[in-house]
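Q: First the structure, then my questions, so here it is.
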Amino acid sequence: MTKDGEDSAGRGAASLRQRPEHFSRRSFLVGSAVGLGTLGLAGCATSDDLFRAEAVKLYGPVPEEKFPIPALDMSKVDTKYLRRTVQYESKEPAGTIVVDPKNFYVYRVEGDGSATRYGANVGRDGFLWSGEAYVGRKSEWATWTPPAEMIKRQPEAAKYAHGMPGGLDNPLGARTLHLYQNGRYTLYTIYASSEPESIGTGRTSGCVGLLSQDMIHLYAQTPLKTKVVVLPT
């Protein structure tokens, strides 16, 4: 409490001592009833309710972006995939990104036995991979160009062979971390997904997607050359 608060408390206590009649049994009972009522209401709120209330703040709209991002529709995401700090023992240095495709999580190691955990989508069967990489490039509202292999599998992507400009409909979304190995781009990314219902599923061609607000949060803390570890499934 600040000094001003202490002074106020002191004056309040002196006032009560000077006028004891103001501290009546009735006022005590009324105050107790209000206090107990508040406690009762608090007791009705579950930890999940409180977490959702806090999550609403984390996943609100982001109007200052080049392409304003709407608030997350919370009904489309299981709460277990929302951002939180968790206990996480790791030998990796602080800042390392660890992808756990088996459980649909991405961790940012904080270096104190904890990590920031984000829900993710990952590669579908046949497109999963594991190993080490590093962030070789970062981009905001990147142009998306489907690789030739994707165009062969999905001919409808051919119309974007020369690139799809950044925007809310662009598959890479607001932020992208491009993963490299030995100086070469792997074609894999960690990106901002505009499809919240995809979080917790395997549906990509090997890339890893986070909710837009989560990706902006991770991107801001991730310098070039950051180590990325993708665990086996």
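Scheme for the structure tokens: letters A, B, ... for chains in order shown; per-chain residue numbers from 1; ligand numbers from 1 in order shown.
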If you count only C-alpha atoms, which residues fall within 12 Å of Ile151 in chain A, apart from same-chain ones fewer than 5 positions away, as a PyMOL selection string?
A: chain A and resi 145-146+156-162+205
Q: Please provide as a ChimeraX atom specification all residues within 9 Å of Ile97 in chain A, with the sequence filter that same-chain residues fewer than 6 positions apart are discarded (counting only C-alpha atoms).
A: /A:106-109,222,226-230
Q: Can you spit out the residues from that selection as a CSV table (one decimal), in the first residue's frame, using C-alpha atoms?
A:
```
chain,number,residue,atom,x,y,z
A,106,VAL,CA,3.8,-24.8,-29.1
A,107,TYR,CA,6.0,-23.8,-26.1
A,108,ARG,CA,8.3,-20.8,-25.7
A,109,VAL,CA,10.8,-21.8,-23.0
A,222,THR,CA,11.3,-14.2,-31.2
A,226,THR,CA,15.9,-18.6,-32.5
A,227,LYS,CA,16.2,-22.3,-32.2
A,228,VAL,CA,13.0,-24.3,-33.0
A,229,VAL,CA,12.7,-28.0,-31.9
A,230,VAL,CA,9.9,-30.1,-33.4
```
Q: May I ask which of the residues A:Thr204, A:Gln87, A:Asn182, A:Ser198 is the closest one to Lys225 in chain A, counting only C-alpha atoms?
A: A:Asn182
Q: My list of candidates is A:Ser90, A:Gln154, A:Asn121, A:Thr116. Which is closest to Thr201 in chain A when distances are computed with only C-alpha atoms?
A: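 Of A:Ser90, A:Gln154, A:Asn121, A:Thr116, the one nearest Thr201 in chain A is A:Asn121, counting only C-alpha atoms.
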Q: Please list as a ChimeraX atom specification every residue within 6 Å of Gly136 in chain A, counting only C-alpha atoms and excluding residues in the same chain fewer than 2 positions away.
A: /A:134,178-180,224-225
